[in-house]
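Peer 1: What follows is start-v7.pdb, made up of PDB, C-alpha atoms:
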ATOM      1  CA  MET E 268     -29.948 -74.341  -0.100
ATOM      2  CA  GLY E 269     -29.375 -71.759   2.632
ATOM      3  CA  ALA E 270     -28.600 -74.458   5.211
ATOM      4  CA  ASP E 271     -25.140 -73.126   6.075
ATOM      5  CA  LEU E 272     -26.586 -69.641   6.620
ATOM      6  CA  ALA E 273     -29.301 -71.074   8.878
ATOM      7  CA  THR E 274     -26.719 -73.014  10.899
ATOM      8  CA  ALA E 275     -24.467 -69.993  11.367
ATOM      9  CA  PHE E 276     -27.005 -67.199  11.946
ATOM     10  CA  ALA E 277     -30.215 -67.018  13.973
ATOM     11  CA  THR E 278     -31.078 -64.035  11.754
ATOM     12  CA  ALA E 279     -31.119 -66.286   8.688
ATOM     13  CA  ARG E 280     -33.282 -68.856  10.464
ATOM     14  CA  GLU E 281     -35.766 -66.088  11.294
ATOM     15  CA  VAL E 282     -35.941 -65.074   7.628
ATOM     16  CA  PHE E 283     -36.674 -68.640   6.529
ATOM     17  CA  GLN E 284     -39.302 -69.029   9.260
ATOM     18  CA  GLU E 285     -40.987 -65.781   8.260
ATOM     19  CA  VAL E 286     -41.165 -66.953   4.634
ATOM     20  CA  ASP E 287     -42.566 -70.344   5.745
ATOM     21  CA  GLU E 288     -45.285 -68.593   7.754
ATOM     22  CA  ALA E 289     -46.144 -66.204   4.931
ATOM     23  CA  LEU E 290     -46.554 -69.072   2.462
ATOM     24  CA  ARG E 291     -48.096 -71.516   4.967
ATOM     25  CA  GLN E 292     -45.573 -73.977   3.586
ATOM     26  CA  ASN E 293     -42.429 -75.568   5.008
ATOM     27  CA  LEU E 294     -40.312 -74.147   2.215
ATOM     28  CA  SER E 295     -37.186 -74.061   4.396
ATOM     29  CA  LYS E 296     -37.351 -77.844   4.856
ATOM     30  CA  LEU E 297     -37.689 -78.282   1.091
ATOM     31  CA  MET E 298     -34.667 -75.992   0.650
ATOM     32  CA  ARG E 299     -32.607 -78.062   3.113
ATOM     33  CA  GLU E 300     -33.702 -81.574   2.240
ATOM     34  CA  GLY E 301     -35.345 -81.515  -1.204
ATOM     35  CA  PRO E 302     -36.441 -83.313  -3.242
ATOM     36  CA  GLU E 303     -34.707 -81.133  -5.806
ATOM     37  CA  SER E 304     -37.391 -81.948  -8.376
ATOM     38  CA  GLU E 305     -39.905 -80.121  -6.164
ATOM     39  CA  LEU E 306     -37.595 -77.272  -5.194
ATOM     40  CA  VAL E 307     -36.849 -76.354  -8.811
ATOM     41  CA  LEU E 308     -40.543 -75.882  -9.602
ATOM     42  CA  THR E 309     -40.766 -72.170 -10.302
ATOM     43  CA  GLU E 310     -43.428 -71.559  -7.636
ATOM     44  CA  ASN E 311     -40.956 -72.857  -5.027
ATOM     45  CA  ALA E 312     -37.683 -71.718  -6.578
ATOM     46  CA  GLN E 313     -38.708 -68.064  -6.820
ATOM     47  CA  PRO E 314     -39.517 -67.477  -3.115
ATOM     48  CA  ALA E 315     -36.619 -69.752  -2.100
ATOM     49  CA  LEU E 316     -34.067 -67.700  -4.028
ATOM     50  CA  MET E 317     -35.488 -64.501  -2.557
ATOM     51  CA  ALA E 318     -35.346 -65.962   0.960
ATOM     52  CA  VAL E 319     -31.627 -66.779   0.682
ATOM     53  CA  SER E 320     -30.873 -63.320  -0.704
ATOM     54  CA  MET E 321     -32.779 -61.676   2.123
ATOM     55  CA  ALA E 322     -31.088 -63.884   4.712
ATOM     56  CA  VAL E 323     -27.742 -62.448   3.592
ATOM     57  CA  VAL E 324     -29.058 -58.871   3.619
ATOM     58  CA  ARG E 325     -30.578 -59.266   7.093
ATOM     59  CA  VAL E 326     -27.324 -60.723   8.428
ATOM     60  CA  PHE E 327     -25.514 -57.677   7.048
ATOM     61  CA  GLU E 328     -27.971 -55.448   8.880
ATOM     62  CA  ARG E 329     -28.504 -57.210  12.196
ATOM     63  CA  ASP E 330     -25.273 -59.118  12.739
ATOM     64  CA  GLY E 331     -22.924 -56.842  10.837
ATOM     65  CA  GLY E 332     -24.550 -53.509  11.710
ATOM     66  CA  LYS E 333     -24.512 -52.443   8.042
ATOM     67  CA  SER E 334     -27.799 -51.120   6.634
ATOM     68  CA  ILE E 335     -28.533 -51.382   2.911
ATOM     69  CA  ASP E 336     -28.302 -47.616   2.435
ATOM     70  CA  ALA E 337     -24.887 -47.604   4.139
ATOM     71  CA  LEU E 338     -23.640 -50.386   1.863
ATOM     72  CA  ALA E 339     -25.249 -49.571  -1.491
ATOM     73  CA  SER E 340     -26.211 -46.633  -3.685
ATOM     74  CA  HIS E 341     -28.621 -48.760  -5.777
ATOM     75  CA  VAL E 342     -30.339 -52.140  -5.747
ATOM     76  CA  ALA E 343     -31.118 -54.329  -8.750
ATOM     77  CA  GLY E 344     -32.187 -57.892  -9.396
ATOM     78  CA  HIS E 345     -32.394 -60.164 -12.429
ATOM     79  CA  SER E 346     -36.030 -61.155 -13.080
ATOM     80  CA  LEU E 347     -37.411 -62.539  -9.771
ATOM     81  CA  GLY E 348     -34.387 -60.919  -8.115
ATOM     82  CA  GLU E 349     -36.093 -57.568  -8.578
ATOM     83  CA  TYR E 350     -38.442 -58.573  -5.736
ATOM     84  CA  SER E 351     -35.436 -59.497  -3.594
ATOM     85  CA  ALA E 352     -33.920 -56.091  -4.380
ATOM     86  CA  LEU E 353     -37.115 -54.311  -3.360
ATOM     87  CA  ALA E 354     -37.326 -56.289  -0.120
ATOM     88  CA  ALA E 355     -33.667 -55.488   0.607
ATOM     89  CA  ALA E 356     -34.354 -51.779   0.060
ATOM     90  CA  GLY E 357     -37.368 -51.812   2.380
ATOM     91  CA  ALA E 358     -39.932 -51.233  -0.376
ATOM     92  CA  LEU E 359     -41.553 -54.657   0.129
ATOM     93  CA  GLU E 360     -42.123 -56.531   3.360
ATOM     94  CA  LEU E 361     -40.436 -59.938   3.325
ATOM     95  CA  SER E 362     -43.747 -61.773   3.732
ATOM     96  CA  ASP E 363     -45.331 -59.817   0.862
ATOM     97  CA  ALA E 364     -42.356 -60.519  -1.403
ATOM     98  CA  ALA E 365     -42.669 -64.246  -0.651
ATOM     99  CA  ARG E 366     -46.395 -64.322  -1.401
ATOM    100  CA  LEU E 367     -46.016 -62.292  -4.594
ATOM    101  CA  LEU E 368     -43.243 -64.560  -5.862
ATOM    102  CA  LYS E 369     -45.244 -67.679  -5.067
ATOM    103  CA  LEU E 370     -48.109 -66.282  -7.147
ATOM    104  CA  ARG E 371     -45.710 -65.160  -9.867
ATOM    105  CA  GLY E 372     -44.274 -68.661 -10.136
ATOM    106  CA  GLN E 373     -47.686 -70.320 -10.161
ATOM    107  CA  SER E 374     -49.033 -67.868 -12.750
ATOM    108  CA  MET E 375     -46.030 -68.280 -15.034
ATOM    109  CA  GLN E 376     -46.323 -72.059 -14.901
ATOM    110  CA  LYS E 377     -50.046 -71.974 -15.689
ATOM    111  CA  ALA E 378     -49.672 -69.469 -18.543
ATOM    112  CA  VAL E 379     -48.321 -71.990 -21.068
ATOM    113  CA  PRO E 380     -48.849 -75.775 -21.172
ATOM    114  CA  VAL E 381     -45.672 -77.777 -20.517
ATOM    115  CA  GLY E 382     -43.861 -78.509 -23.767
ATOM    116  CA  VAL E 383     -45.426 -75.658 -25.749
ATOM    117  CA  GLY E 384     -42.834 -73.059 -24.817
ATOM    118  CA  ALA E 385     -39.059 -73.075 -24.455
ATOM    119  CA  MET E 386     -36.026 -70.897 -23.817
ATOM    120  CA  ALA E 387     -32.526 -71.038 -25.298
ATOM    121  CA  ALA E 388     -29.195 -69.382 -24.566
ATOM    122  CA  LEU E 389     -27.352 -67.872 -27.514
ATOM    123  CA  LEU E 390     -23.621 -67.394 -26.933
ATOM    124  CA  GLY E 391     -21.342 -65.085 -28.876
ATOM    125  CA  ILE E 392     -24.095 -62.776 -30.112
ATOM    126  CA  GLU E 393     -25.281 -59.320 -29.097
ATOM    127  CA  LEU E 394     -28.801 -58.016 -28.574
ATOM    128  CA  GLU E 395     -29.640 -56.567 -31.984
ATOM    129  CA  PRO E 396     -28.530 -59.546 -34.128
ATOM    130  CA  ALA E 397     -30.400 -61.841 -31.718
ATOM    131  CA  GLN E 398     -33.541 -59.737 -32.134
ATOM    132  CA  GLU E 399     -33.140 -59.991 -35.932
ATOM    133  CA  ALA E 400     -32.880 -63.774 -35.634
ATOM    134  CA  CYS E 401     -36.098 -63.834 -33.587
ATOM    135  CA  ARG E 402     -37.943 -61.783 -36.198
ATOM    136  CA  GLU E 403     -36.781 -64.091 -38.994
ATOM    137  CA  ALA E 404     -37.627 -67.260 -37.070
ATOM    138  CA  ALA E 405     -41.040 -66.299 -35.685
ATOM    139  CA  LEU E 406     -43.127 -67.326 -38.724
ATOM    140  CA  GLY E 407     -46.340 -66.351 -36.942
ATOM    141  CA  GLN E 408     -45.305 -67.756 -33.575
ATOM    142  CA  VAL E 409     -43.949 -65.937 -30.503
ATOM    143  CA  VAL E 410     -40.197 -65.696 -29.958
ATOM    144  CA  ALA E 411     -38.283 -62.798 -28.428
ATOM    145  CA  VAL E 412     -35.132 -61.927 -26.536
ATOM    146  CA  ALA E 413     -35.924 -62.527 -22.864
ATOM    147  CA  ASN E 414     -32.581 -61.655 -21.232
ATOM    148  CA  ASP E 415     -29.751 -59.478 -22.508
ATOM    149  CA  ASN E 416     -27.216 -60.710 -19.966
ATOM    150  CA  GLY E 417     -24.088 -59.099 -21.399
ATOM    151  CA  GLY E 418     -20.803 -60.669 -22.362
ATOM    152  CA  SER E 419     -22.353 -61.769 -25.668
ATOM    153  CA  GLN E 420     -24.905 -63.920 -23.842
ATOM    154  CA  VAL E 421     -28.547 -63.552 -24.871
ATOM    155  CA  VAL E 422     -31.522 -65.724 -23.899
ATOM    156  CA  VAL E 423     -34.543 -66.118 -26.179
ATOM    157  CA  SER E 424     -38.012 -67.317 -25.228
ATOM    158  CA  GLY E 425     -41.252 -68.315 -26.937
ATOM    159  CA  HIS E 426     -42.944 -71.183 -28.744
ATOM    160  CA  LYS E 427     -40.633 -74.209 -28.754
ATOM    161  CA  GLU E 428     -40.479 -74.531 -32.542
ATOM    162  CA  ALA E 429     -39.778 -70.808 -32.979
ATOM    163  CA  VAL E 430     -37.000 -70.943 -30.380
ATOM    164  CA  GLU E 431     -35.410 -73.877 -32.220
ATOM    165  CA  ARG E 432     -35.618 -71.935 -35.501
ATOM    166  CA  THR E 433     -34.019 -68.921 -33.795
ATOM    167  CA  ILE E 434     -30.986 -70.995 -32.791
ATOM    168  CA  GLU E 435     -30.483 -71.848 -36.463
ATOM    169  CA  ALA E 436     -31.141 -68.298 -37.678
ATOM    170  CA  ALA E 437     -28.667 -66.887 -35.161
ATOM    171  CA  LYS E 438     -25.778 -68.930 -36.574
ATOM    172  CA  SER E 439     -25.503 -66.666 -39.614
ATOM    173  CA  LYS E 440     -25.440 -63.615 -37.330
ATOM    174  CA  GLY E 441     -22.371 -64.557 -35.335
ATOM    175  CA  CYS E 442     -23.833 -66.881 -32.709
ATOM    176  CA  LYS E 443     -21.156 -69.381 -31.688
ATOM    177  CA  ARG E 444     -23.443 -71.721 -29.808
ATOM    178  CA  GLY E 445     -27.156 -72.084 -29.073
ATOM    179  CA  MET E 446     -28.545 -74.405 -26.446
ATOM    180  CA  MET E 447     -32.020 -75.131 -25.155
ATOM    181  CA  LEU E 448     -32.434 -74.428 -21.441
ATOM    182  CA  PRO E 449     -34.030 -76.826 -18.919
ATOM    183  CA  VAL E 450     -36.839 -74.466 -17.879
ATOM    184  CA  SER E 451     -40.472 -75.182 -17.132
ATOM    185  CA  ALA E 452     -41.957 -72.215 -19.007
ATOM    186  CA  PRO E 453     -41.012 -69.541 -21.597
ATOM    187  CA  PHE E 454     -40.377 -66.571 -19.311
ATOM    188  CA  HIS E 455     -40.199 -62.917 -20.402
ATOM    189  CA  CYS E 456     -42.134 -63.139 -23.649
ATOM    190  CA  LEU E 457     -45.714 -62.413 -24.716
ATOM    191  CA  LEU E 458     -46.790 -65.987 -23.896
ATOM    192  CA  MET E 459     -46.559 -64.854 -20.249
ATOM    193  CA  GLN E 460     -49.370 -62.291 -20.630
ATOM    194  CA  PRO E 461     -51.788 -64.292 -18.400
ATOM    195  CA  ALA E 462     -49.136 -64.192 -15.659
ATOM    196  CA  ALA E 463     -48.650 -60.449 -16.189
ATOM    197  CA  ASP E 464     -52.401 -59.957 -15.753
ATOM    198  CA  ALA E 465     -52.360 -61.957 -12.505
ATOM    199  CA  MET E 466     -49.432 -59.931 -11.175
ATOM    200  CA  ALA E 467     -51.099 -56.655 -12.128
ATOM    201  CA  GLU E 468     -54.089 -57.603  -9.999
ATOM    202  CA  ALA E 469     -51.936 -58.734  -7.069
ATOM    203  CA  LEU E 470     -49.612 -55.731  -7.188
ATOM    204  CA  GLU E 471     -52.531 -53.329  -7.282
ATOM    205  CA  LYS E 472     -53.495 -54.619  -3.834
ATOM    206  CA  ALA E 473     -49.919 -54.846  -2.525
ATOM    207  CA  THR E 474     -48.286 -52.223  -0.313
ATOM    208  CA  LEU E 475     -45.030 -50.798  -1.642
ATOM    209  CA  ALA E 476     -42.994 -48.142   0.122
ATOM    210  CA  THR E 477     -40.363 -45.880  -1.410
ATOM    211  CA  PRO E 478     -37.105 -47.891  -1.469
ATOM    212  CA  ARG E 479     -34.316 -46.582   0.762
ATOM    213  CA  VAL E 480     -32.025 -46.614  -2.282
ATOM    214  CA  PRO E 481     -33.199 -46.472  -5.930
ATOM    215  CA  LEU E 482     -34.131 -49.623  -7.839
ATOM    216  CA  VAL E 483     -32.568 -50.096 -11.273
ATOM    217  CA  ALA E 484     -35.528 -51.673 -13.063
ATOM    218  CA  ASN E 485     -35.110 -54.600 -15.470
ATOM    219  CA  VAL E 486     -37.293 -53.161 -18.206
ATOM    220  CA  LEU E 487     -35.909 -49.614 -17.970
ATOM    221  CA  ALA E 488     -32.204 -50.109 -17.260
ATOM    222  CA  ALA E 489     -32.614 -46.930 -15.214
ATOM    223  CA  GLU E 490     -33.511 -46.097 -11.634
ATOM    224  CA  ILE E 491     -36.989 -45.570 -10.198
ATOM    225  CA  THR E 492     -38.234 -44.856  -6.693
ATOM    226  CA  GLN E 493     -41.968 -44.133  -6.989
ATOM    227  CA  PRO E 494     -44.048 -47.098  -5.716
ATOM    228  CA  ALA E 495     -46.694 -46.770  -8.470
ATOM    229  CA  ALA E 496     -44.007 -46.764 -11.161
ATOM    230  CA  ILE E 497     -42.278 -49.759  -9.570
ATOM    231  CA  LYS E 498     -45.535 -51.740  -9.623
ATOM    232  CA  GLN E 499     -46.030 -50.917 -13.296
ATOM    233  CA  ARG E 500     -42.507 -52.041 -14.185
ATOM    234  CA  LEU E 501     -42.895 -55.282 -12.222
ATOM    235  CA  VAL E 502     -45.944 -56.100 -14.357
ATOM    236  CA  GLU E 503     -44.133 -55.190 -17.589
ATOM    237  CA  GLN E 504     -41.175 -57.317 -16.512
ATOM    238  CA  VAL E 505     -43.201 -60.556 -16.715
ATOM    239  CA  THR E 506     -43.436 -60.323 -20.516
ATOM    240  CA  GLY E 507     -40.582 -57.876 -21.109
ATOM    241  CA  LEU E 508     -36.873 -57.988 -21.804
ATOM    242  CA  VAL E 509     -34.552 -58.158 -18.798
ATOM    243  CA  ARG E 510     -32.071 -55.459 -19.811
ATOM    244  CA  TRP E 511     -29.304 -56.652 -17.497
ATOM    245  CA  ARG E 512     -26.309 -55.567 -19.579
ATOM    246  CA  GLU E 513     -27.724 -52.052 -19.853
ATOM    247  CA  SER E 514     -28.643 -52.044 -16.158
ATOM    248  CA  VAL E 515     -25.036 -52.762 -15.199
ATOM    249  CA  GLN E 516     -23.856 -50.074 -17.615
ATOM    250  CA  TYR E 517     -26.335 -47.625 -16.078
ATOM    251  CA  MET E 518     -25.009 -48.345 -12.592
ATOM    252  CA  LYS E 519     -21.472 -47.785 -13.891
ATOM    253  CA  SER E 520     -22.629 -44.366 -15.170
ATOM    254  CA  GLN E 521     -23.789 -43.625 -11.614
ATOM    255  CA  ASP E 522     -20.264 -44.280 -10.268
ATOM    256  CA  VAL E 523     -20.973 -47.835  -9.078
ATOM    257  CA  GLY E 524     -17.718 -49.794  -9.148
ATOM    258  CA  MET E 525     -18.725 -53.009  -7.366
ATOM    259  CA  LEU E 526     -21.808 -55.195  -7.689
ATOM    260  CA  VAL E 527     -22.486 -57.490  -4.730
ATOM    261  CA  GLU E 528     -24.597 -60.580  -5.502
ATOM    262  CA  CYS E 529     -26.397 -61.733  -2.358
ATOM    263  CA  GLY E 530     -27.834 -65.239  -2.163
ATOM    264  CA  SER E 531     -27.392 -68.409  -4.204
ATOM    265  CA  GLY E 532     -24.901 -68.563  -7.034
ATOM    266  CA  LYS E 533     -22.304 -66.467  -8.802
ATOM    267  CA  VAL E 534     -23.784 -65.977 -12.271
ATOM    268  CA  LEU E 535     -24.447 -62.231 -12.063
ATOM    269  CA  SER E 536     -21.185 -61.371 -10.319
ATOM    270  CA  GLY E 537     -19.410 -63.433 -12.965
ATOM    271  CA  LEU E 538     -21.024 -61.423 -15.753
ATOM    272  CA  VAL E 539     -19.856 -58.077 -14.380
ATOM    273  CA  LYS E 540     -16.343 -58.092 -15.843
ATOM    274  CA  ARG E 541     -17.670 -59.383 -19.157
ATOM    275  CA  ILE E 542     -19.912 -56.322 -19.310
ATOM    276  CA  ASP E 543     -17.335 -53.805 -18.059
ATOM    277  CA  LYS E 544     -13.736 -54.696 -17.211
ATOM    278  CA  GLU E 545     -13.460 -51.739 -14.828
ATOM    279  CA  MET E 546     -16.190 -53.099 -12.553
ATOM    280  CA  THR E 547     -15.947 -55.800  -9.899
ATOM    281  CA  GLY E 548     -18.473 -58.494  -9.005
ATOM    282  CA  VAL E 549     -18.567 -60.162  -5.587
ATOM    283  CA  ALA E 550     -20.778 -63.136  -4.677
ATOM    284  CA  ILE E 551     -21.950 -63.568  -1.078
ATOM    285  CA  ASN E 552     -23.230 -67.135  -0.730
ATOM    286  CA  ASN E 553     -22.110 -68.459   2.657
ATOM    287  CA  PRO E 554     -21.011 -67.396   6.170
ATOM    288  CA  GLY E 555     -17.364 -67.141   5.097
ATOM    289  CA  ASP E 556     -18.291 -64.782   2.261
ATOM    290  CA  ILE E 557     -20.290 -62.635   4.678
ATOM    291  CA  GLU E 558     -17.430 -62.457   7.183
ATOM    292  CA  ALA E 559     -14.897 -61.508   4.502
ATOM    293  CA  PHE E 560     -17.176 -58.868   2.994
ATOM    294  CA  LEU E 561     -18.019 -57.226   6.310
ATOM    295  CA  LYS E 562     -14.321 -57.034   7.175
ATOM    296  CA  ALA E 563     -13.616 -55.414   3.829
ATOM    297  CA  VAL E 564     -16.280 -52.730   4.209
TER     298      VAL E 564
END
Represent the structure contained in this file as structure tokens.
Peer 2:
Amino acid sequence: MGADLATAFATAREVFQEVDEALRQNLSKLMREGPESELVLTENAQPALMAVSMAVVRVFERDGGKSIDALASHVAGHSLGEYSALAAAGALELSDAARLLKLRGQSMQKAVPVGVGAMAALLGIELEPAQEACREAALGQVVAVANDNGGSQVVVSGHKEAVERTIEAAKSKGCKRGMMLPVSAPFHCLLMQPAADAMAEALEKATLATPRVPLVANVLAAEITQPAAIKQRLVEQVTGLVRWRESVQYMKSQDVGMLVECGSGKVLSGLVKRIDKEMTGVAINNPGDIEAFLKAV
């Protein structure tokens, strides 16, 4: 993870070293060598994903001579990616983003005992019918839509039994397929309130600057720039719905035609055309992607 970037760019190596120093952990070695079972723990995965995203952004800036405000009119990130977006826009120092994400991962894992919570992807269903299925299936337990990803893909989260009931309830509402996800905790639901409390305390002490370009916040699906408001939305995001479909639609309304996904994977860029066929998604994962993108812009 990130190894090809580190090989190709001293700038990327510096990002990984800065994250290692901030966490007092050799996270970059874990990213390169594994074991995967340790890397996928949410307290490691969250800062690792941010580090790869920021390595790409820093290479754009330092090696490509393209600042974030020259490349983008807005920044956005899906769940933990919101911290990456804020770091990219200069609102959060890289080291602070790493420490906050480490705490976020630890707090989320501690919030619910392993096996008590679960998440499931519902395919072929939109937000409102999925919310109806959650209400029908709750039966006194917690279950809610965690991610509205667009393209008829919704993720639900909560108590394991309630999530399983929601998969069944969703079938009568148009859901074509429901599958449990291999996650370690039920993110973005009220079971995460202890984690939200921990993040509220940490963010109160954190220094946030005004981002160089507006952040489209997960819980608002609209842009914000005030540091105090950003902190509040980051706390709400821990238990709240990631309104990704609406966020993409908001950016379209602001004349955004291309979304550039920086870091590991192609999930978000792949969702773009499913949300709006007029928009384009581009994934920047490796040195070749960076070279091609910088030539294009």
Peer 1: Taking the file as shown, find all residues satisfying the PyMOL selection byres ((chain E and resi 417) around 8) and write them as a PDB file with C-alpha atoms, in the coordinates of the input.
Peer 2:
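See result_17.pdb below for the written result:
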ATOM      1  CA  GLU E 393     -25.281 -59.320 -29.097  1.00  0.00           C
ATOM      2  CA  ASP E 415     -29.751 -59.478 -22.508  1.00  0.00           C
ATOM      3  CA  ASN E 416     -27.216 -60.710 -19.966  1.00  0.00           C
ATOM      4  CA  GLY E 418     -20.803 -60.669 -22.362  1.00  0.00           C
ATOM      5  CA  SER E 419     -22.353 -61.769 -25.668  1.00  0.00           C
ATOM      6  CA  GLN E 420     -24.905 -63.920 -23.842  1.00  0.00           C
ATOM      7  CA  VAL E 421     -28.547 -63.552 -24.871  1.00  0.00           C
ATOM      8  CA  TRP E 511     -29.304 -56.652 -17.497  1.00  0.00           C
ATOM      9  CA  ARG E 512     -26.309 -55.567 -19.579  1.00  0.00           C
ATOM     10  CA  LEU E 538     -21.024 -61.423 -15.753  1.00  0.00           C
ATOM     11  CA  ARG E 541     -17.670 -59.383 -19.157  1.00  0.00           C
ATOM     12  CA  ILE E 542     -19.912 -56.322 -19.310  1.00  0.00           C
TER      13      ILE E 542
END
Peer 1: Residues within 12 Å of (-34.3, -75.3, 3.4), file coordinates, counting only C-alpha atoms: what are they? Give the list as number ranges by chain.
Peer 2: E: 268-274, 279-280, 282-284, 286-287, 292-303, 306, 311-312, 314-316, 318-319, 322
Peer 1: Write to file, as a PDB file, keeping the file's coordinate frame, the residues of the selection just made, with C-alpha atoms.
Peer 2:
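Okay, this is what ended up in part_10.pdb:
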ATOM      1  CA  MET E 268     -29.948 -74.341  -0.100  1.00  0.00           C
ATOM      2  CA  GLY E 269     -29.375 -71.759   2.632  1.00  0.00           C
ATOM      3  CA  ALA E 270     -28.600 -74.458   5.211  1.00  0.00           C
ATOM      4  CA  ASP E 271     -25.140 -73.126   6.075  1.00  0.00           C
ATOM      5  CA  LEU E 272     -26.586 -69.641   6.620  1.00  0.00           C
ATOM      6  CA  ALA E 273     -29.301 -71.074   8.878  1.00  0.00           C
ATOM      7  CA  THR E 274     -26.719 -73.014  10.899  1.00  0.00           C
ATOM      8  CA  ALA E 279     -31.119 -66.286   8.688  1.00  0.00           C
ATOM      9  CA  ARG E 280     -33.282 -68.856  10.464  1.00  0.00           C
ATOM     10  CA  VAL E 282     -35.941 -65.074   7.628  1.00  0.00           C
ATOM     11  CA  PHE E 283     -36.674 -68.640   6.529  1.00  0.00           C
ATOM     12  CA  GLN E 284     -39.302 -69.029   9.260  1.00  0.00           C
ATOM     13  CA  VAL E 286     -41.165 -66.953   4.634  1.00  0.00           C
ATOM     14  CA  ASP E 287     -42.566 -70.344   5.745  1.00  0.00           C
ATOM     15  CA  GLN E 292     -45.573 -73.977   3.586  1.00  0.00           C
ATOM     16  CA  ASN E 293     -42.429 -75.568   5.008  1.00  0.00           C
ATOM     17  CA  LEU E 294     -40.312 -74.147   2.215  1.00  0.00           C
ATOM     18  CA  SER E 295     -37.186 -74.061   4.396  1.00  0.00           C
ATOM     19  CA  LYS E 296     -37.351 -77.844   4.856  1.00  0.00           C
ATOM     20  CA  LEU E 297     -37.689 -78.282   1.091  1.00  0.00           C
ATOM     21  CA  MET E 298     -34.667 -75.992   0.650  1.00  0.00           C
ATOM     22  CA  ARG E 299     -32.607 -78.062   3.113  1.00  0.00           C
ATOM     23  CA  GLU E 300     -33.702 -81.574   2.240  1.00  0.00           C
ATOM     24  CA  GLY E 301     -35.345 -81.515  -1.204  1.00  0.00           C
ATOM     25  CA  PRO E 302     -36.441 -83.313  -3.242  1.00  0.00           C
ATOM     26  CA  GLU E 303     -34.707 -81.133  -5.806  1.00  0.00           C
ATOM     27  CA  LEU E 306     -37.595 -77.272  -5.194  1.00  0.00           C
ATOM     28  CA  ASN E 311     -40.956 -72.857  -5.027  1.00  0.00           C
ATOM     29  CA  ALA E 312     -37.683 -71.718  -6.578  1.00  0.00           C
ATOM     30  CA  PRO E 314     -39.517 -67.477  -3.115  1.00  0.00           C
ATOM     31  CA  ALA E 315     -36.619 -69.752  -2.100  1.00  0.00           C
ATOM     32  CA  LEU E 316     -34.067 -67.700  -4.028  1.00  0.00           C
ATOM     33  CA  ALA E 318     -35.346 -65.962   0.960  1.00  0.00           C
ATOM     34  CA  VAL E 319     -31.627 -66.779   0.682  1.00  0.00           C
ATOM     35  CA  ALA E 322     -31.088 -63.884   4.712  1.00  0.00           C
TER      36      ALA E 322
END
Peer 1: Once you count all atoms listed in the file, which residues end up no further than 8 Å from (-18.6, -55.2, 12.5) in the file's frame, shown as a PyMOL selection string?
Peer 2: chain E and resi 330-333+561-562
Peer 1: My list of candidates is E:Gln408, E:Ser531, E:Ser520, E:Ser362. Which is closest to Thr474 (chain E) when distances are computed with only C-alpha atoms?
Peer 2: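 Of E:Gln408, E:Ser531, E:Ser520, E:Ser362, the one nearest Thr474 (chain E), counting only C-alpha atoms, is E:Ser362.
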Peer 1: For Asn485 (chain E), which residue out of E:Gln499, E:Asn553, E:Ser514, E:Ser340 is the nearest one, using only C-alpha atoms?
Peer 2: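 Once distances to Asn485 (chain E) are computed over only C-alpha atoms, the minimum belongs to E:Ser514.
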Peer 1: Can you work out which one of E:Lys369, E:Gly344, E:Ile335, E:Leu359 has the shortest atom-to-atom distance to Ala289 (chain E), counting all atoms listed in the file?
Peer 2: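 Looking at the shortest contact to Ala289 (chain E), the residue is E:Lys369.
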Peer 1: Once the PyMOL selection byres ((chain E and resi 345) around 10) has been applied to the shown file, what residues remain in the selection, as a short mmCIF file (atom, residue, chain, number, x, y, z; two decimals) with C-alpha atoms, in the coordinates of the input?
Peer 2:
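part_10.cif was written with the following content:
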data_model
loop_
_atom_site.label_atom_id
_atom_site.label_comp_id
_atom_site.auth_asym_id
_atom_site.auth_seq_id
_atom_site.Cartn_x
_atom_site.Cartn_y
_atom_site.Cartn_z
CA ALA E 343 -31.12 -54.33 -8.75
CA GLY E 344 -32.19 -57.89 -9.40
CA SER E 346 -36.03 -61.16 -13.08
CA LEU E 347 -37.41 -62.54 -9.77
CA GLY E 348 -34.39 -60.92 -8.12
CA GLU E 349 -36.09 -57.57 -8.58
CA TYR E 350 -38.44 -58.57 -5.74
CA SER E 351 -35.44 -59.50 -3.59
CA ALA E 352 -33.92 -56.09 -4.38
CA ASN E 414 -32.58 -61.66 -21.23
CA ASN E 416 -27.22 -60.71 -19.97
CA ALA E 484 -35.53 -51.67 -13.06
CA ASN E 485 -35.11 -54.60 -15.47
CA VAL E 509 -34.55 -58.16 -18.80
CA ARG E 510 -32.07 -55.46 -19.81
CA TRP E 511 -29.30 -56.65 -17.50
CA SER E 514 -28.64 -52.04 -16.16
CA LEU E 535 -24.45 -62.23 -12.06
#
Peer 1: What does the distance between CA of Val450 (chain E) and CA of Ala388 (chain E) come to in Å, to one decimal place?
Peer 2: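 Interatomic distance here is 11.4 Å.
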Peer 1: To one decimal place, how far is CA of Val307 (chain E) from CA of Val483 (chain E) in Å?
Peer 2: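 Result for CA of Val307 (chain E) versus CA of Val483 (chain E): 26.7 Å, one decimal.
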